[in-house]
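**Q** One structure, pasted below without further comment.
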Amino acid sequence: MPGPLDGKVALVAGATRGAGRGIAVELGAAGATVYATGRSTRAHRSEYDRPETVEDTADLVTAAGGHGIAVPVDHLEPAAVRALVDRVADEQGRLDILVNDIWGGENLFAWDRPVWEHDLDDGLRLLRLAVETHAITSHFALPLLLRGPGGLVVEMTDGTADYNRDTYRVSFFYDLAKTAVLRMGFALGHELGPRGATAVALTPGWLRSEIMLDHFKVTEETWRDALDTVPHFAISETPRYVGRAVAALAADPEVARWNGQSLSSGGLARVYGFTDLDGSRPDAWRYLVEVQDAGRPADVTGYR
(Lines give C-alpha, C1' and ligand atoms only; values in the text may rest on other atoms or scores of the structure.)
Protein backbone atom coordinates (compact mmCIF):
# COMPACT_ATOMS: atom_id res chain seq x y z
CA MET A 1 0.00 0.00 0.00
CA PRO A 2 1.40 3.44 -0.88
CA GLY A 3 2.14 5.69 2.06
CA PRO A 4 1.14 9.35 2.42
CA LEU A 5 4.65 10.42 1.32
CA ASP A 6 4.97 7.98 -1.57
CA GLY A 7 6.90 9.73 -4.35
CA LYS A 8 8.27 12.42 -2.04
CA VAL A 9 12.00 13.04 -1.65
CA ALA A 10 13.54 14.01 1.69
CA LEU A 11 16.99 15.04 2.79
CA VAL A 12 17.67 14.47 6.48
CA ALA A 13 20.93 16.23 7.20
CA GLY A 14 22.41 14.74 10.34
CA ALA A 15 20.62 11.37 10.27
CA THR A 16 23.25 9.12 11.84
CA ARG A 17 21.54 8.77 15.22
CA GLY A 18 19.10 10.38 17.62
CA ALA A 19 16.29 12.55 16.27
CA GLY A 20 17.73 12.54 12.76
CA ARG A 21 17.57 8.77 12.55
CA GLY A 22 14.07 8.69 14.02
CA ILE A 23 12.89 11.27 11.48
CA ALA A 24 14.50 9.48 8.55
CA VAL A 25 12.89 6.16 9.52
CA GLU A 26 9.42 7.63 9.97
CA LEU A 27 9.63 9.46 6.65
CA GLY A 28 10.55 6.12 5.13
CA ALA A 29 7.65 4.42 6.87
CA ALA A 30 5.39 6.98 5.18
CA GLY A 31 6.82 6.00 1.79
CA ALA A 32 9.43 8.69 1.13
CA THR A 33 12.81 8.38 -0.52
CA VAL A 34 15.23 9.61 2.15
CA TYR A 35 18.80 10.79 1.70
CA ALA A 36 20.44 10.29 5.09
CA THR A 37 23.66 12.20 5.70
CA GLY A 38 26.27 12.30 8.42
CA ARG A 39 29.96 11.88 9.14
CA SER A 40 29.90 8.43 10.75
CA THR A 41 30.09 5.60 8.26
CA ARG A 42 30.98 1.92 8.36
CA ALA A 43 34.43 2.88 7.11
CA HIS A 44 35.06 5.94 9.27
CA ARG A 45 33.75 7.25 12.60
CA SER A 46 33.41 10.92 13.52
CA GLU A 47 35.01 12.28 16.69
CA TYR A 48 32.01 10.88 18.58
CA ASP A 49 33.58 7.45 17.98
CA ARG A 50 30.20 5.75 18.20
CA PRO A 51 28.88 2.68 16.34
CA GLU A 52 25.86 4.27 14.60
CA THR A 53 26.35 4.95 10.88
CA VAL A 54 24.49 6.64 8.03
CA GLU A 55 24.41 3.30 6.21
CA ASP A 56 22.56 1.76 9.16
CA THR A 57 20.04 4.60 9.06
CA ALA A 58 19.46 4.14 5.33
CA ASP A 59 18.89 0.42 5.86
CA LEU A 60 16.32 1.19 8.56
CA VAL A 61 14.54 3.60 6.23
CA THR A 62 14.28 0.91 3.56
CA ALA A 63 13.16 -1.70 6.06
CA ALA A 64 10.41 0.67 7.22
CA GLY A 65 9.00 0.84 3.69
CA GLY A 66 10.82 3.77 2.11
CA HIS A 67 13.99 4.04 0.06
CA GLY A 68 17.02 4.93 2.16
CA ILE A 69 20.14 6.38 0.55
CA ALA A 70 23.21 6.97 2.71
CA VAL A 71 25.53 9.82 1.74
CA PRO A 72 28.56 10.60 3.92
CA VAL A 73 28.74 14.40 4.19
CA ASP A 74 30.46 16.91 6.45
CA HIS A 75 28.00 19.80 6.32
CA LEU A 76 30.73 22.29 7.23
CA GLU A 77 32.20 21.74 3.76
CA PRO A 78 30.27 23.78 1.19
CA ALA A 79 31.65 21.81 -1.76
CA ALA A 80 30.46 18.54 -0.21
CA VAL A 81 26.99 19.93 0.43
CA ARG A 82 26.78 21.31 -3.10
CA ALA A 83 27.73 17.88 -4.45
CA LEU A 84 25.07 16.26 -2.27
CA VAL A 85 22.33 18.54 -3.58
CA ASP A 86 23.54 18.07 -7.15
CA ARG A 87 23.26 14.32 -6.65
CA VAL A 88 19.70 14.60 -5.35
CA ALA A 89 18.81 16.82 -8.31
CA ASP A 90 20.37 14.41 -10.81
CA GLU A 91 18.81 11.29 -9.30
CA GLN A 92 15.37 12.62 -8.28
CA GLY A 93 14.85 15.98 -9.97
CA ARG A 94 13.14 17.29 -6.84
CA LEU A 95 13.40 17.83 -3.11
CA ASP A 96 10.21 17.98 -1.05
CA ILE A 97 11.45 17.86 2.54
CA LEU A 98 14.64 19.23 4.09
CA VAL A 99 15.38 18.42 7.73
CA ASN A 100 18.35 20.29 9.20
CA ASP A 101 19.29 18.15 12.20
CA ILE A 102 23.08 18.61 12.15
CA TRP A 103 24.44 18.99 15.67
CA GLY A 104 27.70 17.28 16.63
CA GLY A 105 28.20 19.34 19.79
CA GLU A 106 27.55 16.71 22.44
CA ASN A 107 31.13 16.74 23.73
CA LEU A 108 31.75 20.47 23.29
CA PHE A 109 29.72 22.19 26.01
CA ALA A 110 30.12 22.42 29.78
CA TRP A 111 27.07 22.71 32.04
CA ASP A 112 26.60 26.03 33.85
CA ARG A 113 30.08 27.28 32.96
CA PRO A 114 30.11 31.02 32.09
CA VAL A 115 31.48 32.09 28.75
CA TRP A 116 34.74 33.40 30.20
CA GLU A 117 35.48 30.02 31.78
CA HIS A 118 34.23 27.84 28.93
CA ASP A 119 36.80 26.42 26.55
CA LEU A 120 36.69 28.91 23.68
CA ASP A 121 37.74 26.51 20.92
CA ASP A 122 35.04 24.04 21.99
CA GLY A 123 32.40 26.75 22.14
CA LEU A 124 33.22 28.14 18.71
CA ARG A 125 33.38 24.65 17.24
CA LEU A 126 29.93 23.95 18.69
CA LEU A 127 28.53 27.06 17.00
CA ARG A 128 30.04 26.07 13.68
CA LEU A 129 28.64 22.56 13.87
CA ALA A 130 25.19 23.56 15.13
CA VAL A 131 24.56 26.79 13.23
CA GLU A 132 26.90 27.20 10.26
CA THR A 133 26.08 23.71 8.97
CA HIS A 134 22.37 24.55 8.82
CA ALA A 135 23.03 27.76 6.90
CA ILE A 136 25.30 26.02 4.39
CA THR A 137 22.79 23.23 3.81
CA SER A 138 19.86 25.59 3.34
CA HIS A 139 21.90 27.76 0.97
CA PHE A 140 22.46 24.88 -1.44
CA ALA A 141 19.31 22.81 -0.91
CA LEU A 142 16.55 25.41 -0.98
CA PRO A 143 16.73 26.24 -4.71
CA LEU A 144 16.03 22.58 -5.43
CA LEU A 145 13.23 22.45 -2.87
CA LEU A 146 11.65 25.54 -4.44
CA ARG A 147 11.47 23.95 -7.89
CA GLY A 148 8.09 22.54 -6.90
CA PRO A 149 5.31 23.89 -4.68
CA GLY A 150 4.64 22.83 -1.12
CA GLY A 151 8.14 22.08 0.11
CA LEU A 152 8.84 21.73 3.84
CA VAL A 153 11.94 22.73 5.82
CA VAL A 154 12.32 21.56 9.42
CA GLU A 155 14.96 23.17 11.62
CA MET A 156 15.65 20.80 14.52
CA THR A 157 16.55 22.37 17.86
CA ASP A 158 16.21 21.83 21.61
CA GLY A 159 13.43 23.76 23.31
CA THR A 160 10.48 25.76 22.10
CA ALA A 161 10.76 29.49 21.49
CA ASP A 162 8.62 30.16 24.58
CA TYR A 163 10.66 27.89 26.83
CA ASN A 164 14.06 29.07 25.63
CA ARG A 165 13.06 32.73 25.84
CA ASP A 166 12.60 32.42 29.61
CA THR A 167 15.08 29.63 30.43
CA TYR A 168 18.88 29.60 30.43
CA ARG A 169 19.85 26.52 28.47
CA VAL A 170 22.97 24.76 29.79
CA SER A 171 25.65 27.33 28.86
CA PHE A 172 26.27 30.45 26.77
CA PHE A 173 27.30 28.49 23.68
CA TYR A 174 24.57 25.85 23.93
CA ASP A 175 21.91 28.48 24.59
CA LEU A 176 23.09 30.57 21.64
CA ALA A 177 23.16 27.60 19.25
CA LYS A 178 19.67 26.38 20.06
CA THR A 179 18.18 29.87 19.98
CA ALA A 180 19.85 30.58 16.63
CA VAL A 181 18.25 27.50 15.09
CA LEU A 182 14.85 28.54 16.42
CA ARG A 183 15.33 31.87 14.70
CA MET A 184 16.32 30.09 11.48
CA GLY A 185 12.88 28.48 11.36
CA PHE A 186 11.31 31.91 11.75
CA ALA A 187 13.54 33.64 9.18
CA LEU A 188 13.18 30.86 6.61
CA GLY A 189 9.43 31.07 7.05
CA HIS A 190 9.57 34.67 5.90
CA GLU A 191 11.73 33.78 2.90
CA LEU A 192 9.96 30.59 1.87
CA GLY A 193 6.33 31.37 2.62
CA PRO A 194 5.80 33.81 -0.26
CA ARG A 195 7.48 31.29 -2.56
CA GLY A 196 5.09 28.46 -1.76
CA ALA A 197 7.10 26.53 0.84
CA THR A 198 6.94 26.19 4.62
CA ALA A 199 9.64 26.36 7.29
CA VAL A 200 9.31 25.50 10.98
CA ALA A 201 11.52 24.97 14.00
CA LEU A 202 10.84 21.69 15.81
CA THR A 203 12.01 20.25 19.10
CA PRO A 204 11.63 16.78 20.56
CA GLY A 205 11.12 16.43 24.27
CA TRP A 206 13.55 14.60 26.55
CA LEU A 207 14.95 12.31 23.90
CA ARG A 208 15.92 8.70 24.53
CA SER A 209 18.71 8.91 21.99
CA GLU A 210 21.47 6.33 21.81
CA ILE A 211 23.82 8.70 23.64
CA MET A 212 21.28 9.47 26.37
CA LEU A 213 20.54 5.79 26.96
CA ASP A 214 24.25 5.06 27.22
CA HIS A 215 24.68 7.99 29.62
CA PHE A 216 22.12 6.46 31.97
CA LYS A 217 23.49 2.94 31.36
CA VAL A 218 20.15 1.62 30.12
CA THR A 219 18.68 0.42 26.84
CA GLU A 220 15.41 1.24 25.11
CA GLU A 221 13.99 -1.91 26.70
CA THR A 222 15.23 -1.05 30.22
CA TRP A 223 15.04 2.76 30.18
CA ARG A 224 12.69 2.90 33.15
CA ASP A 225 15.54 1.61 35.33
CA ALA A 226 16.98 5.14 35.11
CA LEU A 227 13.98 6.56 36.96
CA ASP A 228 15.48 5.50 40.30
CA THR A 229 18.15 8.18 39.90
CA VAL A 230 16.48 10.56 37.40
CA PRO A 231 12.73 10.43 38.14
CA HIS A 232 11.74 13.11 35.61
CA PHE A 233 13.15 10.92 32.83
CA ALA A 234 9.69 9.34 32.97
CA ILE A 235 8.51 11.98 30.48
CA SER A 236 11.13 10.93 27.90
CA GLU A 237 10.33 9.85 24.35
CA THR A 238 11.88 7.82 21.56
CA PRO A 239 13.40 9.49 18.47
CA ARG A 240 10.60 7.98 16.41
CA TYR A 241 8.07 10.26 18.16
CA VAL A 242 9.53 13.44 16.69
CA GLY A 243 9.96 11.47 13.45
CA ARG A 244 6.21 10.97 13.37
CA ALA A 245 5.79 14.69 13.96
CA VAL A 246 7.83 15.46 10.83
CA ALA A 247 5.98 12.84 8.79
CA ALA A 248 2.66 14.33 9.88
CA LEU A 249 3.76 17.82 8.88
CA ALA A 250 5.05 16.59 5.53
CA ALA A 251 1.75 14.85 4.76
CA ASP A 252 -0.45 17.78 5.81
CA PRO A 253 -1.88 19.63 2.78
CA GLU A 254 -2.38 22.63 5.07
CA VAL A 255 1.15 22.61 6.54
CA ALA A 256 1.57 26.29 5.60
CA ARG A 257 -0.51 27.16 8.68
CA TRP A 258 2.61 26.40 10.74
CA ASN A 259 4.97 28.56 8.68
CA GLY A 260 7.67 30.26 10.75
CA GLN A 261 6.46 28.76 14.02
CA SER A 262 8.22 26.93 16.84
CA LEU A 263 6.72 23.47 17.32
CA SER A 264 7.23 20.43 19.55
CA SER A 265 6.64 16.72 19.13
CA GLY A 266 4.20 16.65 22.05
CA GLY A 267 2.27 19.66 20.79
CA LEU A 268 1.93 18.25 17.29
CA ALA A 269 0.83 14.86 18.66
CA ARG A 270 -2.25 16.55 20.12
CA VAL A 271 -3.08 18.03 16.71
CA TYR A 272 -2.32 15.08 14.43
CA GLY A 273 -3.12 12.21 16.79
CA PHE A 274 0.10 10.21 16.43
CA THR A 275 1.72 8.43 19.38
CA ASP A 276 5.13 7.28 20.46
CA LEU A 277 6.06 3.64 19.90
CA ASP A 278 4.45 2.62 23.21
CA GLY A 279 1.14 4.28 22.35
CA SER A 280 1.65 7.24 24.69
CA ARG A 281 1.78 10.96 23.84
CA PRO A 282 4.50 12.57 25.99
CA ASP A 283 4.11 16.34 26.32
CA ALA A 284 7.58 17.07 27.65
CA TRP A 285 7.74 20.85 27.44
CA ARG A 286 4.49 21.38 29.32
CA TYR A 287 5.70 18.84 31.88
CA LEU A 288 9.05 20.58 32.31
CA VAL A 289 7.37 23.90 33.07
CA GLU A 290 4.55 22.62 35.24
CA VAL A 291 6.30 19.77 37.08
CA GLN A 292 10.10 19.61 36.85
CA ASP A 293 10.93 23.33 36.82
CA ALA A 294 8.19 24.02 39.35
CA GLY A 295 9.95 21.69 41.80
CA ARG A 296 7.14 19.19 41.97
CA PRO A 297 7.79 15.45 42.39
CA ALA A 298 7.99 13.42 39.19
CA ASP A 299 4.53 12.38 38.05
CA VAL A 300 3.67 12.07 34.35
CA THR A 301 -0.06 11.61 34.96
CA GLY A 302 -1.81 13.78 32.40
CA TYR A 303 1.42 14.44 30.50
CA ARG A 304 1.81 11.25 28.43
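Naming scheme: A, B, ... for chains in displayed order of the C-alpha coordinates; residues 1 onward per chain; ligands 1 onward as shown.
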Extract, using only C-alpha atoms, all DNA, RNA and protein residues at most 12 Å from range 271-278 of chain A, discarding same-chain residues fewer than 5 positions from it, and format them as an MDAnalysis selection string.

**A** chainID A and resid 22 26 204:205 207:208 220:221 235:252 255 258 263:266 283 304

**Q** Quick one: residues within 6 Å of Val85 in chain A, only C-alpha atoms counted, chain neighbours fewer than 3 positions away excluded, as number ranges by chain?

**A** A: 82, 88, 141

**Q** Counting only C-alpha atoms, which residue out of A:Tyr163, A:Gly150, A:Gln261, A:Arg281 sits closest to Phe186 in chain A?

**A**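 Going through A:Tyr163, A:Gly150, A:Gln261, A:Arg281 one by one, the smallest distance to Phe186 in chain A is for A:Gln261.
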
**Q** Find the residues near His139 in chain A: any atom within 12 Å, counting only C-alpha atoms, skip ones fewer than 4 places away on the same chain, and give them as a PyMOL selection string.

**A** chain A and resi 75+78-79+81-82+85+98+100+132-135+143-146+188+191

**Q** Considering only C-alpha atoms, return as a CSV table (one decimal) with all heavy atoms, in the first residue's frame whatever protein or nucleic-acid residues lie within 6 Å of range 50-58 of chain A, sequence-local ones (same chain, fewer than 3 positions apart) excluded.

**A**
chain,number,residue,atom,x,y,z
A,16,THR,N,22.5,10.3,11.4
A,16,THR,CA,23.3,9.1,11.8
A,16,THR,C,22.6,8.5,13.0
A,16,THR,O,22.6,7.2,13.2
A,16,THR,CB,24.7,9.5,12.2
A,16,THR,OG1,25.3,10.2,11.1
A,16,THR,CG2,25.5,8.3,12.5
A,21,ARG,N,17.9,10.1,13.0
A,21,ARG,CA,17.6,8.8,12.5
A,21,ARG,C,16.1,8.5,12.7
A,21,ARG,O,15.5,7.9,11.8
A,21,ARG,CB,18.4,7.8,13.4
A,21,ARG,CG,18.0,6.3,13.1
A,21,ARG,CD,18.9,5.3,13.8
A,21,ARG,NE,20.2,5.2,13.1
A,21,ARG,CZ,21.1,4.3,13.4
A,21,ARG,NH1,20.9,3.4,14.4
A,21,ARG,NH2,22.2,4.2,12.7
A,38,GLY,N,25.5,12.2,7.2
A,38,GLY,CA,26.3,12.3,8.4
A,38,GLY,C,27.7,12.0,8.2
A,38,GLY,O,28.1,11.6,7.1
A,40,SER,N,29.5,9.8,10.3
A,40,SER,CA,29.9,8.4,10.8
A,40,SER,C,29.4,7.4,9.8
A,40,SER,O,28.2,7.2,9.5
A,40,SER,CB,29.3,8.2,12.1
A,40,SER,OG,29.8,9.0,13.1
A,41,THR,N,30.4,6.6,9.2
A,41,THR,CA,30.1,5.6,8.3
A,41,THR,C,30.7,4.3,8.7
A,41,THR,O,31.4,4.2,9.7
A,41,THR,CB,30.7,5.9,6.9
A,41,THR,OG1,32.1,5.8,6.9
A,41,THR,CG2,30.3,7.4,6.5
A,61,VAL,N,15.5,2.9,7.0
A,61,VAL,CA,14.5,3.6,6.2
A,61,VAL,C,13.9,2.6,5.2
A,61,VAL,O,12.7,2.6,5.1
A,61,VAL,CB,15.2,4.8,5.5
A,61,VAL,CG1,14.2,5.4,4.5
A,61,VAL,CG2,15.6,5.9,6.5
A,68,GLY,N,16.0,4.2,1.5
A,68,GLY,CA,17.0,4.9,2.2
A,68,GLY,C,18.3,5.0,1.3
A,68,GLY,O,18.7,4.0,0.8
A,69,ILE,N,18.9,6.2,1.3
A,69,ILE,CA,20.1,6.4,0.5
A,69,ILE,C,21.1,7.1,1.5
A,69,ILE,O,20.9,8.2,1.9
A,69,ILE,CB,19.9,7.2,-0.7
A,69,ILE,CG1,18.9,6.6,-1.6
A,69,ILE,CG2,21.2,7.5,-1.5
A,69,ILE,CD1,18.4,7.5,-2.8
A,70,ALA,N,22.2,6.4,1.8
A,70,ALA,CA,23.2,7.0,2.7
A,70,ALA,C,24.2,7.8,1.9
A,70,ALA,O,24.8,7.3,0.9
A,70,ALA,CB,23.9,5.9,3.5

**Q** Going by DSSP on the backbone, which bits of range 16-204 of chain A are strand (DSSP E)? Write them as an MDAnalysis selection string, please.

**A** chainID A and resid 33:38 67:72 97:100 152:156 198:203
